[in-house]
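Structure first, commentary second.
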Amino acid sequence: MAERGATALLEREQLEEARRPAARGVRSDLWRTLRRARLGLVGVVILAMIAIAAIAAPVIAPHDPYQGSLAVSRQCPAFTTCPNLGGSFARTGASEGTLEYPLGTDPNGRDVFSRIIYAARISLIVGVTAVVIGGTVGVVAGLASGYYGGWLDSVIMRIADIQLAFPFILLAIAIVAVLGGGLVNVIIVLGIGSWVPYARIVRGQVLSAKSQEYVLAARTIGAQDAAILFRHVLPNVITPAIIIATFGVAAAIIGEATLSFLGVGIQPPTPTWGNMLADGRAYVASAWWLATFPGLAIMLTVLSINVIGDWLRDYLDPRLRNVD
Amino acid sequence: MTQYIIRRLWQSVIVVFGVVTVVFFVLQLTGDPVRIMMGENSSEEDIQNVKRQLGLDRPIHEQYVSFLVKAVQGNFGDSIRQRGQPAMGIVLSRYPATLQLAFLALALSVILATIFGVVSAVKRYSVLDNVVMFLALIGQSVPNFWLGIMLILFFAVQFGVLPSQGSGDGSIRYLILPMLTLAAPGLARLTRLVRSGMLEIMNQDYIRTARAKGLQDGRVIFGHALKNAAIPLVTVIGLDMGALLGGAVVTEQIFAWPGVGLEVIMAINGRDFPVVQAAVFVIAVSFVLINLIVDLAYTWLDPRVRLT
């Protein structure tokens, strides 16, 4: 029986399904959507908290993110004991963490917690604006490509192929290294770098939508192409793009962190999770908290966006529901 | 079939041509390479002389054509940091280390993702399934440079069981942490895909037929279901190579792994643009080739594609 147990459950489910497809479908759907919805809700709450912290950073952050005091250099987080490594790393200050600096301090004596809160601003701004840029470019390209077809379609899709042929991060590094880092350049590069998936999915949707009767009807009454595309076609093809955009915010946040980590993104002293990690990396043996907490912040943010994305996909695109 | 291969080859050529073009224009954005190469102390006359020698005083379309001709031959000029060394040679000498890392990470993520995904699908909604899916969700959300640092923190700093920098004497111990770091994001994504692919396939008629004729579970799952669930995965793996080669840049940086990625970051910091271009070119061409192979494998796995 043991080896049969492996698929016994599945078999039973399938038998049940064969007998009462509707009944089982509803029950399983309910359970699954509930699970997703609960996780999605947790994501919404966490993301809302991060967003509020970012917006209200000057109020919430206990210390100045730029000014530190060398008297409290590399102090460990609350409830931990600071390692004393001797030699040039010998510790003269407190040997235990305090609530004054809940996540410890960096070598310049700056509060890690305050810097993480301020860095959330950068991450969220980059994530959202990069998606707005990439999404707009991609959706417009996809609409044009699918609606007009012909040479325009070929050109746009070949450009998409070429762009996909680059490992994106390498292209971003090369461009940002040439143009210089900084918030605006990072946003532009990450934005332009992300248009392809939108274009592809919108193009596919337009191809199937343009032969539908509402498009023919609009054309018959003499509507212009732009009006047909944006007023009639767009609302019918936008759903998958919204789902991509959600995951796109997470991808852009990781992209910014990666560029800043490699030193070609947003430059210190502006705190970003990526450049905090890069700074902390040198102290991984003597001050573990410097690299640990900014990474946790990235993970928490990206995780909450991803579960919201999963949830949204379930909700907006019923065809994908059975795929789980 | 032959027609399909020819069309696919032609597309690849166009893509590589586009890559070279982009590389050329990124160079144009960098400003004057000669000034960077000669340093600030050289006279205007010297700069003009060198420009004439290198053909950089000619109109841009002529430069573009000669760049294309050289690029096709793999000639991107000499490195600026290491005088007299061809940029392509430097990149190619680092290439095997990157390939080794990328392919091992790919193999690891495919093997583990298949195991986790199948188990998760077969035991749907079990505790095991929930744990695997939760870990996959985390894995998709962790930036891999942070994962690398955390692995160093635990295995190299805290417990001191694995080396964290370089390739040392070439022993496998040096590969373990970089390989895990690079494999993690793909592993997480593939696991979810294998699971959902398997769930979809298990509802198909031919699986029911296989069961009905009395095949054992193992053969149904691995002989019939997995084989078909693998088809869409092949495409994803091809696309993943892009992420993998890009991820290698970051991973190599963290572990000082002596591959193309480490070289390209040093080249960027040293404003050594010929090396940067050669590296981008080599990686993009690898990616195009891998996807070409994947697409051809795909037609072999799924004959329906040939018709479209």
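Every chain in the structure tokens takes a letter, A first, then B, and so on in the order presented; its residues are numbered from 1, and the ligands are numbered from 1 following the presented order.
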
Requested in this report: Tell me, as a PyMOL selection string, which residues lie within 10 Å of range 289-293 of chain A, counting only C-alpha atoms; anything in the same chain fewer than 4 positions away does not count.
Outcome: (chain A and resi 74-77+103-107+112-113+116+273-284+297-299) or (chain B and resi 146-147+149-150+153)

Output for the residues just chosen: N, CA and C atoms as an mmCIF file, in the first residue's frame:
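Result saved to selection_12.cif:
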data_model
loop_
_atom_site.group_PDB
_atom_site.id
_atom_site.type_symbol
_atom_site.label_atom_id
_atom_site.label_comp_id
_atom_site.auth_asym_id
_atom_site.auth_seq_id
_atom_site.Cartn_x
_atom_site.Cartn_y
_atom_site.Cartn_z
ATOM 1 N N ARG A 74 29.439 50.738 14.567
ATOM 2 C CA ARG A 74 29.228 49.289 14.528
ATOM 3 C C ARG A 74 28.652 48.732 15.828
ATOM 4 N N GLN A 75 27.647 49.403 16.345
ATOM 5 C CA GLN A 75 26.964 48.851 17.502
ATOM 6 C C GLN A 75 25.961 47.804 17.021
ATOM 7 N N CYS A 76 25.890 46.687 17.777
ATOM 8 C CA CYS A 76 25.057 45.585 17.297
ATOM 9 C C CYS A 76 23.580 45.824 17.599
ATOM 10 N N PRO A 77 22.681 45.076 16.949
ATOM 11 C CA PRO A 77 21.236 45.271 17.143
ATOM 12 C C PRO A 77 20.805 44.973 18.574
ATOM 13 N N LEU A 103 18.352 48.074 15.070
ATOM 14 C CA LEU A 103 19.015 47.171 14.111
ATOM 15 C C LEU A 103 20.516 47.451 14.035
ATOM 16 N N GLY A 104 21.044 48.094 15.070
ATOM 17 C CA GLY A 104 22.474 48.357 15.112
ATOM 18 C C GLY A 104 22.878 49.592 14.324
ATOM 19 N N THR A 105 24.185 49.843 14.278
ATOM 20 C CA THR A 105 24.708 50.992 13.534
ATOM 21 C C THR A 105 25.793 50.537 12.572
ATOM 22 N N ASP A 106 26.062 51.381 11.571
ATOM 23 C CA ASP A 106 27.107 51.044 10.590
ATOM 24 C C ASP A 106 28.450 51.626 11.044
ATOM 25 N N PRO A 107 29.522 51.422 10.271
ATOM 26 C CA PRO A 107 30.839 51.901 10.722
ATOM 27 C C PRO A 107 30.891 53.405 10.969
ATOM 28 N N VAL A 112 21.028 51.869 11.434
ATOM 29 C CA VAL A 112 20.648 51.009 10.308
ATOM 30 C C VAL A 112 19.138 51.047 10.077
ATOM 31 N N PHE A 113 18.369 51.046 11.154
ATOM 32 C CA PHE A 113 16.909 51.048 11.051
ATOM 33 C C PHE A 113 16.415 52.290 10.297
ATOM 34 N N ILE A 116 17.282 52.074 6.643
ATOM 35 C CA ILE A 116 16.422 51.131 5.914
ATOM 36 C C ILE A 116 15.081 51.785 5.579
ATOM 37 N N TRP A 273 18.732 49.991 -0.227
ATOM 38 C CA TRP A 273 18.980 48.663 0.311
ATOM 39 C C TRP A 273 20.181 48.015 -0.374
ATOM 40 N N GLY A 274 20.308 48.288 -1.676
ATOM 41 C CA GLY A 274 21.421 47.702 -2.428
ATOM 42 C C GLY A 274 22.770 48.232 -1.983
ATOM 43 N N ASN A 275 22.910 49.565 -1.866
ATOM 44 C CA ASN A 275 24.242 50.055 -1.500
ATOM 45 C C ASN A 275 24.550 49.833 -0.010
ATOM 46 N N MET A 276 23.498 49.725 0.822
ATOM 47 C CA MET A 276 23.745 49.356 2.228
ATOM 48 C C MET A 276 24.319 47.939 2.302
ATOM 49 N N LEU A 277 23.744 47.052 1.475
ATOM 50 C CA LEU A 277 24.235 45.682 1.420
ATOM 51 C C LEU A 277 25.686 45.638 0.942
ATOM 52 N N ALA A 278 25.968 46.448 -0.082
ATOM 53 C CA ALA A 278 27.326 46.469 -0.621
ATOM 54 C C ALA A 278 28.312 46.930 0.452
ATOM 55 N N ASP A 279 27.923 47.972 1.207
ATOM 56 C CA ASP A 279 28.787 48.456 2.281
ATOM 57 C C ASP A 279 28.943 47.391 3.364
ATOM 58 N N GLY A 280 27.836 46.738 3.686
ATOM 59 C CA GLY A 280 27.842 45.777 4.776
ATOM 60 C C GLY A 280 28.622 44.522 4.458
ATOM 61 N N ARG A 281 28.763 44.260 3.151
ATOM 62 C CA ARG A 281 29.432 43.037 2.719
ATOM 63 C C ARG A 281 30.867 42.959 3.244
ATOM 64 N N ALA A 282 31.524 44.114 3.306
ATOM 65 C CA ALA A 282 32.922 44.131 3.764
ATOM 66 C C ALA A 282 33.019 43.771 5.242
ATOM 67 N N TYR A 283 31.907 43.915 5.962
ATOM 68 C CA TYR A 283 31.935 43.681 7.409
ATOM 69 C C TYR A 283 31.200 42.401 7.791
ATOM 70 N N VAL A 284 31.057 41.509 6.814
ATOM 71 C CA VAL A 284 30.223 40.342 7.066
ATOM 72 C C VAL A 284 30.784 39.505 8.218
ATOM 73 N N ALA A 297 14.834 43.408 4.261
ATOM 74 C CA ALA A 297 13.871 44.420 3.816
ATOM 75 C C ALA A 297 13.486 44.192 2.357
ATOM 76 N N ILE A 298 14.497 43.912 1.514
ATOM 77 C CA ILE A 298 14.205 43.631 0.103
ATOM 78 C C ILE A 298 13.299 42.415 0.001
ATOM 79 N N MET A 299 13.664 41.359 0.734
ATOM 80 C CA MET A 299 12.930 40.115 0.630
ATOM 81 C C MET A 299 11.471 40.301 1.051
ATOM 82 N N TRP B 146 22.115 38.785 -2.004
ATOM 83 C CA TRP B 146 21.939 38.707 -0.542
ATOM 84 C C TRP B 146 22.035 37.258 -0.070
ATOM 85 N N LEU B 147 21.409 36.361 -0.823
ATOM 86 C CA LEU B 147 21.497 34.942 -0.498
ATOM 87 C C LEU B 147 22.966 34.518 -0.433
ATOM 88 N N ILE B 149 25.595 36.365 0.236
ATOM 89 C CA ILE B 149 26.242 36.901 1.433
ATOM 90 C C ILE B 149 25.817 36.122 2.673
ATOM 91 N N MET B 150 24.539 35.760 2.730
ATOM 92 C CA MET B 150 24.059 34.983 3.884
ATOM 93 C C MET B 150 24.716 33.595 3.920
ATOM 94 N N LEU B 153 28.037 34.106 5.251
ATOM 95 C CA LEU B 153 27.948 34.377 6.686
ATOM 96 C C LEU B 153 27.840 33.066 7.476
#

Report task. Would you list the contacts of Pro269 in chain A as a PyMOL selection string, taking every protein, DNA or RNA residue within 12 Å and counting only C-alpha atoms, but skipping same-chain residues closer than 4 positions in sequence? Result -> chain A and resi 65-68+108+110+115+118-119+182+260+273+275-276+279

Could you write out the selected residues, including C-alpha atoms, as a PDB file, in the first residue's frame?
ATOM      1  CA  PRO A  65      19.973  58.539   8.140  1.00  0.00           C
ATOM      2  CA  TYR A  66      22.958  60.619   6.986  1.00  0.00           C
ATOM      3  CA  GLN A  67      24.503  61.747  10.258  1.00  0.00           C
ATOM      4  CA  GLY A  68      26.086  59.260  12.624  1.00  0.00           C
ATOM      5  CA  ASN A 108      29.951  55.592  10.549  1.00  0.00           C
ATOM      6  CA  ARG A 110      24.516  55.725  11.515  1.00  0.00           C
ATOM      7  CA  ARG A 115      18.550  54.130   6.874  1.00  0.00           C
ATOM      8  CA  TYR A 118      14.654  56.017   4.120  1.00  0.00           C
ATOM      9  CA  ALA A 119      15.896  53.475   1.584  1.00  0.00           C
ATOM     10  CA  GLY A 182      21.683  58.244 -10.044  1.00  0.00           C
ATOM     11  CA  SER A 260      23.312  49.743  -6.395  1.00  0.00           C
ATOM     12  CA  TRP A 273      18.980  48.663   0.311  1.00  0.00           C
ATOM     13  CA  ASN A 275      24.242  50.055  -1.500  1.00  0.00           C
ATOM     14  CA  MET A 276      23.745  49.356   2.228  1.00  0.00           C
ATOM     15  CA  ASP A 279      28.787  48.456   2.281  1.00  0.00           C
TER      16      ASP A 279
END

Requested in this report: Write out as a ChimeraX atom specification which residues come within 7 Å of range 105-115 of chain B when counting only C-alpha atoms, dropping same-chain ones fewer than 3 positions away.
Outcome: /B:101-102,118-119,179-180,182-183,186-187,190-191,194

Requested in this report: Name the residues in contact with Asp310 in chain A at a cut-off of 9 Å, using only C-alpha atoms, excluding same-chain residues fewer than 6 positions from it; report them as an NGL selection string.
Outcome: :A and (36 or 40 or 243 or 247)

Selection file, C-alpha atoms, as a PDB file, in the first residue's frame:
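The result, written out as part_26.pdb:
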ATOM      1  CA  ARG A  36      -4.338  32.668  -1.972  1.00  0.00           C
ATOM      2  CA  GLY A  40      -2.499  38.042  -0.610  1.00  0.00           C
ATOM      3  CA  ILE A 243      -0.586  41.201 -13.682  1.00  0.00           C
ATOM      4  CA  PHE A 247       5.465  41.337 -10.638  1.00  0.00           C
TER       5      PHE A 247
END

**Report entry** Contacts of range 268-279 of chain B within 8 Å, only C-alpha atoms, excl. fewer than 4 positions in-chain, as an MDAnalysis selection string
**Finding:** (chainID A and resid 174 177) or (chainID B and resid 23 27 36 74 76:81 87:88 90:91 260 264 283)

Query - Selected residue, from B:Arg192, B:Gln216, B:Ser286, B:Leu292, that lies nearest to Tyr95 in chain B when counting only C-alpha atoms - result: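 The answer is B:Ser286, which sits nearest to Tyr95 in chain B.
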
Find the spatial neighbours of range 95-102 of chain A, counting only C-alpha atoms, within a cut-off of 6 Å - ignore same-chain residues fewer than 4 positions away - and output them as a compact mmCIF listing (two decimals) with C-alpha atoms, in the first residue's frame.
# COMPACT_ATOMS: atom_id res chain seq x y z
CA CYS A 76 25.06 45.58 17.30
CA PRO A 77 21.24 45.27 17.14
CA ALA A 78 19.07 45.22 20.24
CA PHE A 79 19.03 42.00 22.25
CA THR A 80 22.33 40.76 20.77
CA THR A 81 25.86 40.76 22.05
CA CYS A 82 28.44 42.54 19.92
CA ASP A 111 21.31 54.01 12.60

Query - Å distance separating CA of Ile187 in chain A from CA of Val132 in chain A, one decimal place - result: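 These two atoms are separated by 10.0 Å.
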
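Closest to chain B among A:Gln267, A:Ser69, A:Ser286, A:Thr129 is A:Ser286, based on only C-alpha atoms.
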
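Considering the residues A:Leu183, A:Ile228, A:Val59, A:Val302 and counting only C-alpha atoms, Val44 in chain A has its shortest atom-to-atom contact with A:Val302.
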